[in-house]
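Raw contents of work_16.cif, mmCIF, C-alpha atoms and all ligand atoms:
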```cif
data_entry
loop_
_atom_site.group_PDB
_atom_site.id
_atom_site.type_symbol
_atom_site.label_atom_id
_atom_site.label_comp_id
_atom_site.auth_asym_id
_atom_site.auth_seq_id
_atom_site.Cartn_x
_atom_site.Cartn_y
_atom_site.Cartn_z
ATOM 1 C CA MET A 1 152.443 70.899 55.987
ATOM 2 C CA ILE A 2 155.282 71.812 53.640
ATOM 3 C CA ILE A 3 154.340 74.111 50.793
ATOM 4 C CA GLN A 4 156.606 74.395 47.788
ATOM 5 C CA ALA A 5 155.892 76.806 44.936
ATOM 6 C CA ASN A 6 158.152 76.569 41.909
ATOM 7 C CA GLN A 7 158.453 79.231 39.209
ATOM 8 C CA LEU A 8 154.836 80.357 39.355
ATOM 9 C CA CYS A 9 153.889 82.611 36.451
ATOM 10 C CA LYS A 10 150.573 84.288 35.772
ATOM 11 C CA THR A 11 149.732 86.216 32.629
ATOM 12 C CA TYR A 12 146.418 87.936 32.007
ATOM 13 C CA GLY A 13 145.033 88.841 28.584
ATOM 14 C CA SER A 14 146.835 88.620 25.246
ATOM 15 C CA GLY A 15 148.420 90.776 22.548
ATOM 16 C CA ASP A 16 148.816 94.447 23.496
ATOM 17 C CA GLY A 17 146.669 93.950 26.600
ATOM 18 C CA ARG A 18 148.914 91.211 27.965
ATOM 19 C CA VAL A 19 149.901 91.689 31.606
ATOM 20 C CA ILE A 20 152.540 89.594 33.339
ATOM 21 C CA ALA A 21 151.150 89.713 36.863
ATOM 22 C CA LEU A 22 153.607 87.244 38.341
ATOM 23 C CA HIS A 23 157.014 86.173 37.058
ATOM 24 C CA LYS A 24 158.654 82.921 38.250
ATOM 25 C CA ALA A 25 157.764 83.122 41.930
ATOM 26 C CA SER A 26 159.285 80.352 44.046
ATOM 27 C CA LEU A 27 158.685 79.892 47.752
ATOM 28 C CA HIS A 28 159.232 77.210 50.382
ATOM 29 C CA LEU A 29 157.104 77.262 53.533
ATOM 30 C CA ALA A 30 157.618 74.947 56.484
ATOM 31 C CA ALA A 31 154.873 74.099 58.979
ATOM 32 C CA GLY A 32 154.270 76.966 61.386
ATOM 33 C CA ASP A 33 156.116 79.612 59.363
ATOM 34 C CA PHE A 34 154.902 83.205 59.501
ATOM 35 C CA ILE A 35 155.819 85.275 56.477
ATOM 36 C CA SER A 36 154.803 88.717 55.233
ATOM 37 C CA ILE A 37 154.712 90.046 51.705
ATOM 38 C CA MET A 38 154.845 93.750 50.855
ATOM 39 C CA GLY A 39 154.629 95.484 47.525
ATOM 40 C CA PRO A 40 153.029 98.412 45.720
ATOM 41 C CA SER A 41 149.471 98.267 44.406
ATOM 42 C CA GLY A 42 149.276 96.185 41.232
ATOM 43 C CA SER A 43 152.593 94.406 41.886
ATOM 44 C CA GLY A 44 151.012 90.924 41.917
ATOM 45 C CA LYS A 45 150.443 90.288 45.639
ATOM 46 C CA SER A 46 146.846 89.070 45.363
ATOM 47 C CA THR A 47 147.717 87.067 42.255
ATOM 48 C CA LEU A 48 150.456 85.275 44.215
ATOM 49 C CA LEU A 49 148.200 84.589 47.202
ATOM 50 C CA HIS A 50 145.413 83.255 44.983
ATOM 51 C CA LEU A 51 147.876 80.891 43.316
ATOM 52 C CA LEU A 52 149.454 79.733 46.596
ATOM 53 C CA SER A 53 146.024 79.001 48.069
ATOM 54 C CA GLY A 54 144.692 77.228 44.986
ATOM 55 C CA LEU A 55 141.995 79.870 44.459
ATOM 56 C CA ASP A 56 143.444 80.310 40.978
ATOM 57 C CA ARG A 57 145.718 78.365 38.646
ATOM 58 C CA PRO A 58 148.980 79.658 37.139
ATOM 59 C CA THR A 59 149.956 80.103 33.509
ATOM 60 C CA SER A 60 152.966 77.938 34.357
ATOM 61 C CA GLY A 61 154.739 76.600 37.422
ATOM 62 C CA THR A 62 153.948 74.045 40.106
ATOM 63 C CA LEU A 63 152.702 73.997 43.669
ATOM 64 C CA THR A 64 152.877 71.110 46.127
ATOM 65 C CA TYR A 65 151.446 70.681 49.623
ATOM 66 C CA ASP A 66 153.367 67.872 51.352
ATOM 67 C CA GLY A 67 154.413 66.659 47.929
ATOM 68 C CA ARG A 68 150.875 66.653 46.525
ATOM 69 C CA ASP A 69 150.577 68.429 43.185
ATOM 70 C CA ILE A 70 147.809 70.942 43.844
ATOM 71 C CA TYR A 71 147.155 72.131 40.291
ATOM 72 C CA ALA A 72 146.801 68.509 39.121
ATOM 73 C CA CYS A 73 143.625 68.252 41.232
ATOM 74 C CA SER A 74 140.186 68.737 39.684
ATOM 75 C CA ASP A 75 138.350 71.957 40.609
ATOM 76 C CA ARG A 76 136.067 69.957 42.884
ATOM 77 C CA MET A 77 138.908 68.240 44.727
ATOM 78 C CA LEU A 78 140.748 71.527 45.012
ATOM 79 C CA SER A 79 137.710 73.302 46.524
ATOM 80 C CA GLU A 80 137.342 70.544 49.083
ATOM 81 C CA PHE A 81 141.065 70.614 49.888
ATOM 82 C CA ARG A 82 140.890 74.387 50.351
ATOM 83 C CA ARG A 83 137.866 74.218 52.656
ATOM 84 C CA GLN A 84 139.541 71.627 54.869
ATOM 85 C CA ARG A 85 143.199 72.658 54.914
ATOM 86 C CA ILE A 86 143.409 76.342 53.964
ATOM 87 C CA GLY A 87 141.962 79.470 55.564
ATOM 88 C CA PHE A 88 141.714 82.628 53.450
ATOM 89 C CA ILE A 89 141.054 86.123 54.806
ATOM 90 C CA PHE A 90 140.119 88.845 52.317
ATOM 91 C CA GLN A 91 140.557 92.598 52.588
ATOM 92 C CA GLN A 92 136.812 93.046 51.921
ATOM 93 C CA PHE A 93 135.772 90.386 54.475
ATOM 94 C CA ASN A 94 133.545 88.619 51.854
ATOM 95 C CA LEU A 95 130.843 87.604 54.321
ATOM 96 C CA LEU A 96 127.490 86.481 52.916
ATOM 97 C CA PRO A 97 125.102 89.354 53.799
ATOM 98 C CA VAL A 98 121.986 87.204 54.374
ATOM 99 C CA LEU A 99 123.705 84.833 56.818
ATOM 100 C CA THR A 100 124.335 85.514 60.495
ATOM 101 C CA ALA A 101 127.883 85.667 61.838
ATOM 102 C CA ARG A 102 127.575 82.086 63.116
ATOM 103 C CA GLU A 103 126.212 80.821 59.796
ATOM 104 C CA ASN A 104 129.032 82.565 57.923
ATOM 105 C CA ILE A 105 131.618 81.017 60.228
ATOM 106 C CA ILE A 106 130.395 77.433 59.875
ATOM 107 C CA MET A 107 129.586 77.639 56.142
ATOM 108 C CA PRO A 108 132.829 75.886 55.026
ATOM 109 C CA LEU A 109 131.939 72.919 57.259
ATOM 110 C CA LEU A 110 128.317 72.735 56.115
ATOM 111 C CA LEU A 111 129.496 72.543 52.493
ATOM 112 C CA ASP A 112 131.313 69.347 53.498
ATOM 113 C CA LYS A 113 128.249 68.124 55.472
ATOM 114 C CA LYS A 114 130.207 68.396 58.706
ATOM 115 C CA GLN A 115 129.050 69.694 62.063
ATOM 116 C CA PRO A 116 131.097 72.397 63.761
ATOM 117 C CA ASP A 117 133.223 71.569 66.782
ATOM 118 C CA GLU A 118 131.170 73.715 69.190
ATOM 119 C CA THR A 119 133.983 73.907 71.738
ATOM 120 C CA TRP A 120 136.395 75.282 69.129
ATOM 121 C CA LEU A 121 133.743 77.671 67.771
ATOM 122 C CA LYS A 122 133.124 79.014 71.258
ATOM 123 C CA GLN A 123 136.850 79.329 71.935
ATOM 124 C CA LEU A 124 137.433 81.121 68.623
ATOM 125 C CA ALA A 125 134.517 83.501 69.173
ATOM 126 C CA GLY A 126 135.831 84.195 72.663
ATOM 127 C CA ILE A 127 139.379 84.972 71.530
ATOM 128 C CA LEU A 128 138.035 87.149 68.707
ATOM 129 C CA GLY A 129 135.577 88.946 71.016
ATOM 130 C CA ILE A 130 132.503 88.165 68.898
ATOM 131 C CA GLY A 131 130.801 85.674 71.241
ATOM 132 C CA ASP A 132 127.832 87.980 71.757
ATOM 133 C CA ARG A 133 127.531 88.873 68.055
ATOM 134 C CA LEU A 134 127.012 85.435 66.526
ATOM 135 C CA SER A 135 123.314 85.924 65.747
ATOM 136 C CA HIS A 136 123.923 89.276 64.048
ATOM 137 C CA LEU A 137 123.959 89.891 60.303
ATOM 138 C CA PRO A 138 127.141 91.364 58.801
ATOM 139 C CA HIS A 139 125.582 94.821 58.263
ATOM 140 C CA GLU A 140 124.871 94.984 61.993
ATOM 141 C CA LEU A 141 128.588 94.648 62.747
ATOM 142 C CA SER A 142 131.475 97.116 62.572
ATOM 143 C CA GLY A 143 134.242 96.560 60.022
ATOM 144 C CA GLY A 144 136.557 95.220 62.697
ATOM 145 C CA GLN A 145 133.875 92.802 63.914
ATOM 146 C CA GLN A 146 133.146 91.648 60.357
ATOM 147 C CA GLN A 147 136.823 90.920 59.810
ATOM 148 C CA ARG A 148 136.942 88.996 63.085
ATOM 149 C CA VAL A 149 133.974 86.900 61.888
ATOM 150 C CA ALA A 150 135.876 86.310 58.633
ATOM 151 C CA ILE A 151 138.916 85.192 60.646
ATOM 152 C CA ALA A 152 136.744 82.743 62.594
ATOM 153 C CA ARG A 153 135.411 81.393 59.275
ATOM 154 C CA ALA A 154 138.969 80.978 57.996
ATOM 155 C CA LEU A 155 139.959 79.070 61.146
ATOM 156 C CA ILE A 156 136.865 76.998 61.930
ATOM 157 C CA ALA A 157 138.145 73.931 60.067
ATOM 158 C CA LYS A 158 141.543 74.153 61.835
ATOM 159 C CA PRO A 159 143.473 74.743 58.611
ATOM 160 C CA ASP A 160 147.174 74.017 58.193
ATOM 161 C CA VAL A 161 147.758 77.353 56.542
ATOM 162 C CA ILE A 162 146.130 80.785 56.736
ATOM 163 C CA PHE A 163 146.447 83.327 53.924
ATOM 164 C CA ALA A 164 145.472 86.926 54.630
ATOM 165 C CA ASP A 165 145.304 89.465 51.778
ATOM 166 C CA GLU A 166 145.665 92.932 53.347
ATOM 167 C CA PRO A 167 143.403 91.910 56.244
ATOM 168 C CA THR A 168 143.630 95.353 57.841
ATOM 169 C CA GLY A 169 143.365 97.327 54.593
ATOM 170 C CA ASN A 170 139.692 98.226 55.089
ATOM 171 C CA LEU A 171 139.956 99.001 58.799
ATOM 172 C CA ASP A 172 140.914 102.078 60.803
ATOM 173 C CA SER A 173 144.306 101.786 62.456
ATOM 174 C CA LYS A 174 142.958 100.790 65.880
ATOM 175 C CA SER A 175 140.740 97.949 64.559
ATOM 176 C CA GLY A 176 143.557 96.978 62.206
ATOM 177 C CA CYS A 177 145.985 96.637 65.120
ATOM 178 C CA GLU A 178 143.479 94.560 67.087
ATOM 179 C CA VAL A 179 142.923 92.246 64.117
ATOM 180 C CA MET A 180 146.691 91.775 63.684
ATOM 181 C CA VAL A 181 147.233 90.990 67.373
ATOM 182 C CA LEU A 182 144.430 88.403 67.211
ATOM 183 C CA LEU A 183 145.764 86.841 64.015
ATOM 184 C CA LYS A 184 149.194 86.444 65.579
ATOM 185 C CA GLU A 185 147.690 85.010 68.753
ATOM 186 C CA LEU A 186 145.712 82.454 66.719
ATOM 187 C CA TRP A 187 148.791 81.632 64.639
ATOM 188 C CA GLN A 188 150.700 80.861 67.836
ATOM 189 C CA LYS A 189 147.839 78.936 69.397
ATOM 190 C CA THR A 190 147.072 76.748 66.377
ATOM 191 C CA GLY A 191 150.601 76.207 65.034
ATOM 192 C CA SER A 192 149.352 76.844 61.515
ATOM 193 C CA THR A 193 151.380 78.556 58.806
ATOM 194 C CA LEU A 194 150.527 82.247 58.305
ATOM 195 C CA VAL A 195 151.071 84.242 55.115
ATOM 196 C CA ILE A 196 150.123 87.913 55.296
ATOM 197 C CA ILE A 197 150.088 90.578 52.619
ATOM 198 C CA THR A 198 150.310 94.037 54.072
ATOM 199 C CA HIS A 199 151.081 97.661 53.254
ATOM 200 C CA ASP A 200 152.154 98.204 56.831
ATOM 201 C CA GLN A 201 155.906 98.050 57.476
ATOM 202 C CA GLN A 202 155.410 97.442 61.204
ATOM 203 C CA ILE A 203 153.097 94.486 60.577
ATOM 204 C CA ALA A 204 155.510 93.104 57.978
ATOM 205 C CA GLU A 205 158.378 93.276 60.448
ATOM 206 C CA THR A 206 156.593 91.095 63.010
ATOM 207 C CA ALA A 207 156.871 88.145 60.600
ATOM 208 C CA GLN A 208 159.664 85.565 60.784
ATOM 209 C CA ARG A 209 160.531 86.072 57.128
ATOM 210 C CA ARG A 210 159.738 89.021 54.900
ATOM 211 C CA PHE A 211 159.240 89.116 51.153
ATOM 212 C CA SER A 212 158.722 91.937 48.733
ATOM 213 C CA ILE A 213 157.139 91.861 45.320
ATOM 214 C CA ILE A 214 157.783 94.447 42.629
ATOM 215 C CA ASP A 215 156.380 94.228 39.103
ATOM 216 C CA GLY A 216 155.506 90.578 39.641
ATOM 217 C CA VAL A 217 158.957 89.584 40.909
ATOM 218 C CA LEU A 218 159.076 88.058 44.395
ATOM 219 C CA SER A 219 162.194 88.289 46.513
ATOM 220 C CA GLU A 220 163.066 87.643 50.140
ATOM 221 C CA VAL A 221 164.085 90.640 52.234
ATOM 222 C CA MET A 222 167.281 89.765 54.084
ATOM 223 C CA ASN A 223 167.861 91.193 57.535
ATOM 224 C CA GLY A 224 170.794 93.424 58.231
HETATM 225 P P1 LIG A 301 148.141 93.635 43.958
HETATM 226 O O1 LIG A 301 147.347 92.655 44.787
HETATM 227 O O2 LIG A 301 149.594 93.655 44.308
HETATM 228 O O3 LIG A 301 147.573 95.009 44.001
HETATM 229 P P2 LIG A 301 147.210 92.052 41.690
HETATM 230 O O4 LIG A 301 147.808 90.718 41.918
HETATM 231 O O5 LIG A 301 145.775 92.206 42.027
HETATM 232 O O6 LIG A 301 148.088 93.159 42.415
HETATM 233 O O7 LIG A 301 147.405 92.439 40.163
HETATM 234 C C1 LIG A 301 148.660 92.342 39.490
HETATM 235 C C2 LIG A 301 148.495 92.817 38.048
HETATM 236 O O8 LIG A 301 147.646 91.933 37.336
HETATM 237 C C3 LIG A 301 147.888 94.199 37.914
HETATM 238 O O9 LIG A 301 148.502 94.854 36.847
HETATM 239 C C4 LIG A 301 146.437 93.913 37.624
HETATM 240 O O10 LIG A 301 145.857 94.952 36.883
HETATM 241 C C5 LIG A 301 146.534 92.631 36.815
HETATM 242 N N1 LIG A 301 145.337 91.779 36.994
HETATM 243 C C6 LIG A 301 144.929 91.214 38.150
HETATM 244 N N2 LIG A 301 143.833 90.451 37.962
HETATM 245 C C7 LIG A 301 143.534 90.550 36.632
HETATM 246 C C8 LIG A 301 142.513 89.990 35.797
HETATM 247 N N3 LIG A 301 141.595 89.159 36.293
HETATM 248 N N4 LIG A 301 142.538 90.307 34.490
HETATM 249 C C9 LIG A 301 143.489 91.111 33.987
HETATM 250 N N5 LIG A 301 144.476 91.670 34.707
HETATM 251 C C10 LIG A 301 144.511 91.397 36.017
HETATM 252 MG MG MG A 302 145.714 92.954 46.029
#
```

This entry written out as structure tokens:
Amino acid sequence: MIIQANQLCKTYGSGDGRVIALHKASLHLAAGDFISIMGPSGSGKSTLLHLLSGLDRPTSGTLTYDGRDIYACSDRMLSEFRRQRIGFIFQQFNLLPVLTARENIIMPLLLDKKQPDETWLKQLAGILGIGDRLSHLPHELSGGQQQRVAIARALIAKPDVIFADEPTGNLDSKSGCEVMVLLKELWQKTGSTLVIITHDQQIAETAQRRFSIIDGVLSEVMNG
């Protein structure tokens, strides 16, 4: 899957309250790329990730996945496309509190009236170390376990691309490290594209390409 973002802009509000959250962000991602994005709080990182994943639409600019114009799709088509091709991991996990870990993980498939691939689910749960926690509710799990359930949910449909918005931001450093190691392992195993936003320089440096965003302006960090 080749992802091409051209001149993405996002403005919130109007008049005196107008905020330019993102200014002309362009990005080319090839299949299997692993990139990291760093930037101060409020610099537009989440805005960019929401636009790249089709969770939100820009004020201007275009986005294509293998040449397909994503923002030209209806909301319904876009939701379906996201469930099937894109995995998204949030800082706050965003698990549904009344569903068990297993139910949370397979929810994206159920919405498309599909049955989970039990072999893949078992493999994922095994890699993520949550095999014996699948019947638990989110509040019965630690933060690290909840994020691992959220990772399984993001990967259950075997997406082409995984977006993670500060996935370790709500975890202590040990659980955060574990989550990062697992994410990288799954990236390697599945061959999907991985885009991570992080505050952590060390995590950022493990990526193949690094970007920084300051006041809504995205730029690639060159090595050397
Ligand atoms: P980051 O993820 O880097 O912390 P965000 O992308 O969340 O930054 O936000 C970028 C800027 O856009 C900030 O100034 C923020 O206050 C503003 N912003 C984000 N979402 C909204 C919104 N829904 N309405 C108005 N302003 C917003
Ligand atoms: Mg953010």

Go through the shown structure with the PyMOL selection byres (((chain A and resi 208-218) around 8) and not hetatm) and write out the matching residues as an mmCIF file with C-alpha atoms, keeping the file's coordinate frame.
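Once written, part10.cif looks like this:
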```cif
data_model
loop_
_atom_site.group_PDB
_atom_site.id
_atom_site.type_symbol
_atom_site.label_atom_id
_atom_site.label_comp_id
_atom_site.auth_asym_id
_atom_site.auth_seq_id
_atom_site.Cartn_x
_atom_site.Cartn_y
_atom_site.Cartn_z
ATOM 1 C CA ILE A 20 152.540 89.594 33.339
ATOM 2 C CA ALA A 21 151.150 89.713 36.863
ATOM 3 C CA LEU A 22 153.607 87.244 38.341
ATOM 4 C CA HIS A 23 157.014 86.173 37.058
ATOM 5 C CA LYS A 24 158.654 82.921 38.250
ATOM 6 C CA ALA A 25 157.764 83.122 41.930
ATOM 7 C CA SER A 26 159.285 80.352 44.046
ATOM 8 C CA ASP A 33 156.116 79.612 59.363
ATOM 9 C CA PHE A 34 154.902 83.205 59.501
ATOM 10 C CA ILE A 35 155.819 85.275 56.477
ATOM 11 C CA SER A 36 154.803 88.717 55.233
ATOM 12 C CA ILE A 37 154.712 90.046 51.705
ATOM 13 C CA MET A 38 154.845 93.750 50.855
ATOM 14 C CA GLY A 39 154.629 95.484 47.525
ATOM 15 C CA PRO A 40 153.029 98.412 45.720
ATOM 16 C CA GLY A 42 149.276 96.185 41.232
ATOM 17 C CA SER A 43 152.593 94.406 41.886
ATOM 18 C CA GLY A 44 151.012 90.924 41.917
ATOM 19 C CA LYS A 45 150.443 90.288 45.639
ATOM 20 C CA ALA A 204 155.510 93.104 57.978
ATOM 21 C CA GLU A 205 158.378 93.276 60.448
ATOM 22 C CA THR A 206 156.593 91.095 63.010
ATOM 23 C CA ALA A 207 156.871 88.145 60.600
ATOM 24 C CA SER A 219 162.194 88.289 46.513
ATOM 25 C CA GLU A 220 163.066 87.643 50.140
ATOM 26 C CA VAL A 221 164.085 90.640 52.234
ATOM 27 C CA MET A 222 167.281 89.765 54.084
#
```

Could you state which residues are captured by the PyMOL selection byres (((chain A and resi 145) around 12) and not hetatm) in this file, as a ChimeraX atom specification? /A:93,95,101,125,128-134,136-144,146-152,168,170-171,175-176,178-179,182

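For the point (138.0, 97.7, 53.0), the residues with an atom at a distance of at most 6 Å are Gln91, Gln92, Gly169 and Asn170 of chain A, counting all atoms listed in the file.
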
Nearest to A:Phe88 among A:Lys114, A:Arg76, A:Arg68, A:Lys158, with distances taken over all atoms listed in the file: which residue is it?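 Ranked by minimum distance to A:Phe88, first place goes to A:Lys158.
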
Resolved residues for the PyMOL selection byres (((chain A and resi 1-10) around 6) and not hetatm) as a VMD selection string: chain A and resid 11 21 to 31 58 to 66
